[in-house]
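Scroll down for the structure; my scribbles are underneath it.
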Amino acid sequence: MVLVLFEPSDSGHGSEEAQAGKRDPMNKSDLINRVSDTIGVGRRDAEAAVNTVIHEVMSEVKAGQKVAISGFGVFNPTHRKARLSRNPRTGEPVKVAASRGVRFAPGTIFKKVVNGRAPLPAAAKTAQK
């Protein structure tokens, strides 16, 4: 699955707020508000859009599929085999069950923006059907 999230632009090197100091981490509610404000839709529609993207990424990774979002990064499903470990306090052997996980690898554009080597891509300004 490949999604195109945004296109590169000449909008600068990130927000001044982000570069100037520390802020609280963005949470899902903040993201929904930003999407709503940016594309000019109601909060309910923005929430549906954000939840849909998250659901689809999780669904594909759960199915063992890699999800590549152009300009953002790649979510890679991983598999860890069952193994024998040790309890650090007692030294006793402990069986660790096999598990599945996910790794995120940021894309080239994402890394360049974070490192100040590329401008932050412009966000979409209008919702399109």
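Numbering starts fresh at 1 for the residues of each chain in the structure tokens, the chains themselves are lettered A, B, ... in the order given, and ligands are numbered from 1 as they appear.
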task: Write down as a ChimeraX atom specification the residues of range 79-129 of chain A whose backbone DSSP state falls under strand (DSSP E or B).
output: /A:79-80,83-86,93-96,99-106,122
Put those residues in a file: N, CA, C and O atoms, as a PDB file, in the first residue's frame.
ATOM      1  N   HIS A  79       8.898  -9.931  12.887  1.00  0.00           N
ATOM      2  CA  HIS A  79       8.561 -11.147  13.616  1.00  0.00           C
ATOM      3  C   HIS A  79       9.757 -11.513  14.492  1.00  0.00           C
ATOM      4  O   HIS A  79      10.886 -11.576  14.007  1.00  0.00           O
ATOM      5  N   ARG A  80       9.475 -11.719  15.769  1.00  0.00           N
ATOM      6  CA  ARG A  80      10.517 -12.156  16.691  1.00  0.00           C
ATOM      7  C   ARG A  80      10.221 -13.596  17.087  1.00  0.00           C
ATOM      8  O   ARG A  80       9.116 -13.905  17.542  1.00  0.00           O
ATOM      9  N   ARG A  83      12.122 -17.379  22.282  1.00  0.00           N
ATOM     10  CA  ARG A  83      13.495 -17.526  22.735  1.00  0.00           C
ATOM     11  C   ARG A  83      13.523 -17.760  24.232  1.00  0.00           C
ATOM     12  O   ARG A  83      12.524 -17.579  24.927  1.00  0.00           O
ATOM     13  N   LEU A  84      14.664 -18.125  24.701  1.00  0.00           N
ATOM     14  CA  LEU A  84      14.891 -18.316  26.123  1.00  0.00           C
ATOM     15  C   LEU A  84      15.713 -17.137  26.621  1.00  0.00           C
ATOM     16  O   LEU A  84      16.764 -16.811  26.066  1.00  0.00           O
ATOM     17  N   SER A  85      15.208 -16.473  27.645  1.00  0.00           N
ATOM     18  CA  SER A  85      15.900 -15.321  28.211  1.00  0.00           C
ATOM     19  C   SER A  85      16.200 -15.610  29.679  1.00  0.00           C
ATOM     20  O   SER A  85      15.971 -16.715  30.146  1.00  0.00           O
ATOM     21  N   ARG A  86      16.675 -14.610  30.395  1.00  0.00           N
ATOM     22  CA  ARG A  86      16.977 -14.787  31.826  1.00  0.00           C
ATOM     23  C   ARG A  86      16.341 -13.656  32.628  1.00  0.00           C
ATOM     24  O   ARG A  86      16.359 -12.495  32.219  1.00  0.00           O
ATOM     25  N   PRO A  93      16.031 -19.006  33.926  1.00  0.00           N
ATOM     26  CA  PRO A  93      15.609 -18.934  32.517  1.00  0.00           C
ATOM     27  C   PRO A  93      14.112 -18.615  32.419  1.00  0.00           C
ATOM     28  O   PRO A  93      13.324 -19.086  33.236  1.00  0.00           O
ATOM     29  N   VAL A  94      13.770 -17.805  31.442  1.00  0.00           N
ATOM     30  CA  VAL A  94      12.383 -17.412  31.205  1.00  0.00           C
ATOM     31  C   VAL A  94      12.091 -17.590  29.724  1.00  0.00           C
ATOM     32  O   VAL A  94      12.858 -17.123  28.873  1.00  0.00           O
ATOM     33  N   LYS A  95      10.982 -18.269  29.423  1.00  0.00           N
ATOM     34  CA  LYS A  95      10.578 -18.437  28.026  1.00  0.00           C
ATOM     35  C   LYS A  95       9.877 -17.166  27.558  1.00  0.00           C
ATOM     36  O   LYS A  95       8.951 -16.684  28.210  1.00  0.00           O
ATOM     37  N   VAL A  96      10.336 -16.635  26.440  1.00  0.00           N
ATOM     38  CA  VAL A  96       9.717 -15.457  25.840  1.00  0.00           C
ATOM     39  C   VAL A  96       9.012 -15.928  24.579  1.00  0.00           C
ATOM     40  O   VAL A  96       9.640 -16.521  23.691  1.00  0.00           O
ATOM     41  N   SER A  99       6.595 -13.121  18.956  1.00  0.00           N
ATOM     42  CA  SER A  99       5.731 -11.944  18.851  1.00  0.00           C
ATOM     43  C   SER A  99       5.944 -11.243  17.522  1.00  0.00           C
ATOM     44  O   SER A  99       6.942 -11.445  16.835  1.00  0.00           O
ATOM     45  N   ARG A 100       4.964 -10.434  17.194  1.00  0.00           N
ATOM     46  CA  ARG A 100       5.037  -9.626  15.982  1.00  0.00           C
ATOM     47  C   ARG A 100       5.105  -8.167  16.390  1.00  0.00           C
ATOM     48  O   ARG A 100       4.585  -7.769  17.425  1.00  0.00           O
ATOM     49  N   GLY A 101       5.751  -7.374  15.572  1.00  0.00           N
ATOM     50  CA  GLY A 101       5.871  -5.954  15.860  1.00  0.00           C
ATOM     51  C   GLY A 101       5.924  -5.165  14.570  1.00  0.00           C
ATOM     52  O   GLY A 101       5.645  -5.689  13.482  1.00  0.00           O
ATOM     53  N   VAL A 102       6.265  -3.916  14.697  1.00  0.00           N
ATOM     54  CA  VAL A 102       6.372  -3.049  13.526  1.00  0.00           C
ATOM     55  C   VAL A 102       7.547  -2.104  13.735  1.00  0.00           C
ATOM     56  O   VAL A 102       7.828  -1.674  14.850  1.00  0.00           O
ATOM     57  N   ARG A 103       8.236  -1.824  12.656  1.00  0.00           N
ATOM     58  CA  ARG A 103       9.315  -0.836  12.662  1.00  0.00           C
ATOM     59  C   ARG A 103       8.963   0.254  11.678  1.00  0.00           C
ATOM     60  O   ARG A 103       8.433  -0.013  10.607  1.00  0.00           O
ATOM     61  N   PHE A 104       9.299   1.466  12.058  1.00  0.00           N
ATOM     62  CA  PHE A 104       9.066   2.606  11.167  1.00  0.00           C
ATOM     63  C   PHE A 104      10.407   3.094  10.664  1.00  0.00           C
ATOM     64  O   PHE A 104      11.327   3.335  11.453  1.00  0.00           O
ATOM     65  N   ALA A 105      10.524   3.226   9.359  1.00  0.00           N
ATOM     66  CA  ALA A 105      11.737   3.774   8.747  1.00  0.00           C
ATOM     67  C   ALA A 105      11.345   5.090   8.064  1.00  0.00           C
ATOM     68  O   ALA A 105      10.579   5.079   7.095  1.00  0.00           O
ATOM     69  N   PRO A 106      11.808   6.215   8.577  1.00  0.00           N
ATOM     70  CA  PRO A 106      11.439   7.484   7.954  1.00  0.00           C
ATOM     71  C   PRO A 106      11.980   7.572   6.537  1.00  0.00           C
ATOM     72  O   PRO A 106      13.057   7.068   6.236  1.00  0.00           O
ATOM     73  N   ALA A 122       4.441  21.557   1.879  1.00  0.00           N
ATOM     74  CA  ALA A 122       3.181  22.246   2.154  1.00  0.00           C
ATOM     75  C   ALA A 122       2.065  21.223   2.334  1.00  0.00           C
ATOM     76  O   ALA A 122       2.022  20.203   1.652  1.00  0.00           O
TER      77      ALA A 122
END
message: Residues near range 56-62 of chain A, anyone? I mean within 8 Å using only C-alpha atoms, not counting same-chain ones fewer than 6 positions away, as a PyMOL selection string.
response: chain A and resi 1+75-77+102
query: Using only C-alpha atoms, which residue out of A:Thr38, A:Lys81, A:Gly107, A:Ala98 lies closest to Ala68 in chain A?
result: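 Counting only C-alpha atoms, the residue closest to Ala68 in chain A is A:Gly107.
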Where in range 6-120 of chain A does DSSP assign helix (DSSP H, G or I), given as a PDB file with N, CA and C atoms, in the first residue's frame?
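Result went into part23.pdb, see below:
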ATOM      1  N   GLU A  16       8.455  28.004  13.305  1.00  0.00           N
ATOM      2  CA  GLU A  16       9.348  28.681  14.230  1.00  0.00           C
ATOM      3  C   GLU A  16       9.126  28.192  15.652  1.00  0.00           C
ATOM      4  N   GLU A  17       7.853  27.847  15.983  1.00  0.00           N
ATOM      5  CA  GLU A  17       7.555  27.342  17.314  1.00  0.00           C
ATOM      6  C   GLU A  17       8.327  26.059  17.598  1.00  0.00           C
ATOM      7  N   ALA A  18       8.350  25.160  16.617  1.00  0.00           N
ATOM      8  CA  ALA A  18       9.014  23.877  16.812  1.00  0.00           C
ATOM      9  C   ALA A  18      10.506  24.052  16.988  1.00  0.00           C
ATOM     10  N   GLN A  19      11.094  25.020  16.282  1.00  0.00           N
ATOM     11  CA  GLN A  19      12.527  25.227  16.367  1.00  0.00           C
ATOM     12  C   GLN A  19      12.910  26.060  17.581  1.00  0.00           C
ATOM     13  N   ALA A  20      12.017  26.926  18.053  1.00  0.00           N
ATOM     14  CA  ALA A  20      12.349  27.865  19.121  1.00  0.00           C
ATOM     15  C   ALA A  20      12.448  27.207  20.490  1.00  0.00           C
ATOM     16  N   LYS A  28      -3.195  12.636  19.288  1.00  0.00           N
ATOM     17  CA  LYS A  28      -4.156  12.374  18.218  1.00  0.00           C
ATOM     18  C   LYS A  28      -5.171  13.508  18.089  1.00  0.00           C
ATOM     19  N   SER A  29      -5.631  14.025  19.206  1.00  0.00           N
ATOM     20  CA  SER A  29      -6.601  15.115  19.181  1.00  0.00           C
ATOM     21  C   SER A  29      -6.010  16.367  18.514  1.00  0.00           C
ATOM     22  N   ASP A  30      -4.759  16.666  18.824  1.00  0.00           N
ATOM     23  CA  ASP A  30      -4.078  17.802  18.195  1.00  0.00           C
ATOM     24  C   ASP A  30      -3.973  17.594  16.683  1.00  0.00           C
ATOM     25  N   LEU A  31      -3.629  16.374  16.288  1.00  0.00           N
ATOM     26  CA  LEU A  31      -3.515  16.053  14.862  1.00  0.00           C
ATOM     27  C   LEU A  31      -4.858  16.242  14.169  1.00  0.00           C
ATOM     28  N   ILE A  32      -5.924  15.767  14.785  1.00  0.00           N
ATOM     29  CA  ILE A  32      -7.268  15.915  14.206  1.00  0.00           C
ATOM     30  C   ILE A  32      -7.608  17.392  14.047  1.00  0.00           C
ATOM     31  N   ASN A  33      -7.304  18.205  15.057  1.00  0.00           N
ATOM     32  CA  ASN A  33      -7.576  19.647  14.962  1.00  0.00           C
ATOM     33  C   ASN A  33      -6.781  20.290  13.832  1.00  0.00           C
ATOM     34  N   ARG A  34      -5.514  19.907  13.684  1.00  0.00           N
ATOM     35  CA  ARG A  34      -4.686  20.467  12.606  1.00  0.00           C
ATOM     36  C   ARG A  34      -5.230  20.075  11.238  1.00  0.00           C
ATOM     37  N   VAL A  35      -5.622  18.813  11.084  1.00  0.00           N
ATOM     38  CA  VAL A  35      -6.191  18.357   9.808  1.00  0.00           C
ATOM     39  C   VAL A  35      -7.462  19.131   9.514  1.00  0.00           C
ATOM     40  N   SER A  36      -8.312  19.282  10.505  1.00  0.00           N
ATOM     41  CA  SER A  36      -9.567  20.024  10.342  1.00  0.00           C
ATOM     42  C   SER A  36      -9.305  21.459   9.893  1.00  0.00           C
ATOM     43  N   ASP A  37      -8.387  22.140  10.568  1.00  0.00           N
ATOM     44  CA  ASP A  37      -8.065  23.528  10.229  1.00  0.00           C
ATOM     45  C   ASP A  37      -7.402  23.643   8.856  1.00  0.00           C
ATOM     46  N   THR A  38      -6.505  22.723   8.534  1.00  0.00           N
ATOM     47  CA  THR A  38      -5.731  22.814   7.300  1.00  0.00           C
ATOM     48  C   THR A  38      -6.574  22.595   6.055  1.00  0.00           C
ATOM     49  N   ILE A  39      -7.437  21.580   6.097  1.00  0.00           N
ATOM     50  CA  ILE A  39      -8.200  21.287   4.875  1.00  0.00           C
ATOM     51  C   ILE A  39      -9.620  21.839   4.908  1.00  0.00           C
ATOM     52  N   ARG A  43     -14.448  18.964  12.468  1.00  0.00           N
ATOM     53  CA  ARG A  43     -13.632  18.091  13.303  1.00  0.00           C
ATOM     54  C   ARG A  43     -14.050  16.634  13.149  1.00  0.00           C
ATOM     55  N   ARG A  44     -15.334  16.398  12.994  1.00  0.00           N
ATOM     56  CA  ARG A  44     -15.816  15.022  12.849  1.00  0.00           C
ATOM     57  C   ARG A  44     -15.266  14.371  11.584  1.00  0.00           C
ATOM     58  N   ASP A  45     -15.244  15.123  10.477  1.00  0.00           N
ATOM     59  CA  ASP A  45     -14.700  14.591   9.222  1.00  0.00           C
ATOM     60  C   ASP A  45     -13.187  14.383   9.315  1.00  0.00           C
ATOM     61  N   ALA A  46     -12.507  15.328   9.964  1.00  0.00           N
ATOM     62  CA  ALA A  46     -11.053  15.189  10.138  1.00  0.00           C
ATOM     63  C   ALA A  46     -10.741  13.979  11.012  1.00  0.00           C
ATOM     64  N   GLU A  47     -11.530  13.770  12.058  1.00  0.00           N
ATOM     65  CA  GLU A  47     -11.323  12.619  12.931  1.00  0.00           C
ATOM     66  C   GLU A  47     -11.528  11.320  12.155  1.00  0.00           C
ATOM     67  N   ALA A  48     -12.549  11.295  11.311  1.00  0.00           N
ATOM     68  CA  ALA A  48     -12.803  10.107  10.489  1.00  0.00           C
ATOM     69  C   ALA A  48     -11.629   9.842   9.551  1.00  0.00           C
ATOM     70  N   ALA A  49     -11.069  10.900   8.968  1.00  0.00           N
ATOM     71  CA  ALA A  49      -9.937  10.744   8.053  1.00  0.00           C
ATOM     72  C   ALA A  49      -8.704  10.213   8.785  1.00  0.00           C
ATOM     73  N   VAL A  50      -8.379  10.804   9.928  1.00  0.00           N
ATOM     74  CA  VAL A  50      -7.212  10.364  10.701  1.00  0.00           C
ATOM     75  C   VAL A  50      -7.406   8.921  11.158  1.00  0.00           C
ATOM     76  N   ASN A  51      -8.597   8.608  11.680  1.00  0.00           N
ATOM     77  CA  ASN A  51      -8.866   7.239  12.141  1.00  0.00           C
ATOM     78  C   ASN A  51      -8.793   6.238  10.994  1.00  0.00           C
ATOM     79  N   THR A  52      -9.232   6.630   9.819  1.00  0.00           N
ATOM     80  CA  THR A  52      -9.178   5.740   8.656  1.00  0.00           C
ATOM     81  C   THR A  52      -7.733   5.453   8.265  1.00  0.00           C
ATOM     82  N   VAL A  53      -6.900   6.473   8.226  1.00  0.00           N
ATOM     83  CA  VAL A  53      -5.486   6.269   7.882  1.00  0.00           C
ATOM     84  C   VAL A  53      -4.831   5.343   8.905  1.00  0.00           C
ATOM     85  N   ILE A  54      -5.053   5.607  10.182  1.00  0.00           N
ATOM     86  CA  ILE A  54      -4.464   4.769  11.234  1.00  0.00           C
ATOM     87  C   ILE A  54      -4.971   3.337  11.114  1.00  0.00           C
ATOM     88  N   HIS A  55      -6.266   3.171  10.908  1.00  0.00           N
ATOM     89  CA  HIS A  55      -6.849   1.837  10.771  1.00  0.00           C
ATOM     90  C   HIS A  55      -6.250   1.075   9.592  1.00  0.00           C
ATOM     91  N   GLU A  56      -6.128   1.732   8.462  1.00  0.00           N
ATOM     92  CA  GLU A  56      -5.605   1.064   7.269  1.00  0.00           C
ATOM     93  C   GLU A  56      -4.140   0.679   7.429  1.00  0.00           C
ATOM     94  N   VAL A  57      -3.352   1.546   8.052  1.00  0.00           N
ATOM     95  CA  VAL A  57      -1.946   1.215   8.298  1.00  0.00           C
ATOM     96  C   VAL A  57      -1.869  -0.002   9.215  1.00  0.00           C
ATOM     97  N   MET A  58      -2.617   0.020  10.319  1.00  0.00           N
ATOM     98  CA  MET A  58      -2.607  -1.104  11.259  1.00  0.00           C
ATOM     99  C   MET A  58      -3.089  -2.394  10.598  1.00  0.00           C
ATOM    100  N   SER A  59      -4.132  -2.290   9.817  1.00  0.00           N
ATOM    101  CA  SER A  59      -4.706  -3.463   9.154  1.00  0.00           C
ATOM    102  C   SER A  59      -3.705  -4.114   8.202  1.00  0.00           C
ATOM    103  N   GLU A  60      -3.036  -3.308   7.398  1.00  0.00           N
ATOM    104  CA  GLU A  60      -2.060  -3.837   6.447  1.00  0.00           C
ATOM    105  C   GLU A  60      -0.850  -4.443   7.149  1.00  0.00           C
ATOM    106  N   VAL A  61      -0.354  -3.770   8.186  1.00  0.00           N
ATOM    107  CA  VAL A  61       0.811  -4.287   8.920  1.00  0.00           C
ATOM    108  C   VAL A  61       0.424  -5.576   9.638  1.00  0.00           C
ATOM    109  N   LYS A  62      -0.778  -5.621  10.209  1.00  0.00           N
ATOM    110  CA  LYS A  62      -1.241  -6.839  10.875  1.00  0.00           C
ATOM    111  C   LYS A  62      -1.289  -8.009   9.892  1.00  0.00           C
ATOM    112  N   THR A 108      13.257   9.553   2.978  1.00  0.00           N
ATOM    113  CA  THR A 108      14.339  10.503   2.702  1.00  0.00           C
ATOM    114  C   THR A 108      13.904  11.947   2.923  1.00  0.00           C
ATOM    115  N   ILE A 109      12.718  12.302   2.426  1.00  0.00           N
ATOM    116  CA  ILE A 109      12.227  13.677   2.591  1.00  0.00           C
ATOM    117  C   ILE A 109      12.047  13.991   4.072  1.00  0.00           C
ATOM    118  N   PHE A 110      11.443  13.065   4.805  1.00  0.00           N
ATOM    119  CA  PHE A 110      11.226  13.242   6.239  1.00  0.00           C
ATOM    120  C   PHE A 110      12.562  13.512   6.941  1.00  0.00           C
ATOM    121  N   LYS A 111      13.564  12.686   6.673  1.00  0.00           N
ATOM    122  CA  LYS A 111      14.875  12.858   7.313  1.00  0.00           C
ATOM    123  C   LYS A 111      15.511  14.192   6.938  1.00  0.00           C
ATOM    124  N   LYS A 112      15.390  14.586   5.677  1.00  0.00           N
ATOM    125  CA  LYS A 112      15.974  15.866   5.255  1.00  0.00           C
ATOM    126  C   LYS A 112      15.291  17.040   5.947  1.00  0.00           C
ATOM    127  N   VAL A 113      13.961  16.979   6.081  1.00  0.00           N
ATOM    128  CA  VAL A 113      13.224  18.054   6.754  1.00  0.00           C
ATOM    129  C   VAL A 113      13.639  18.137   8.223  1.00  0.00           C
ATOM    130  N   VAL A 114      13.690  17.000   8.897  1.00  0.00           N
ATOM    131  CA  VAL A 114      14.055  16.970  10.316  1.00  0.00           C
ATOM    132  C   VAL A 114      15.461  17.514  10.535  1.00  0.00           C
TER     133      VAL A 114
END
- prompt: So how far away is CA of Gly40 in chain A from CA of Lys125 in chain A, in Å?
  reply: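 Spanning CA of Lys125 in chain A to CA of Gly40 in chain A is a straight-line distance of 7.4 Å.
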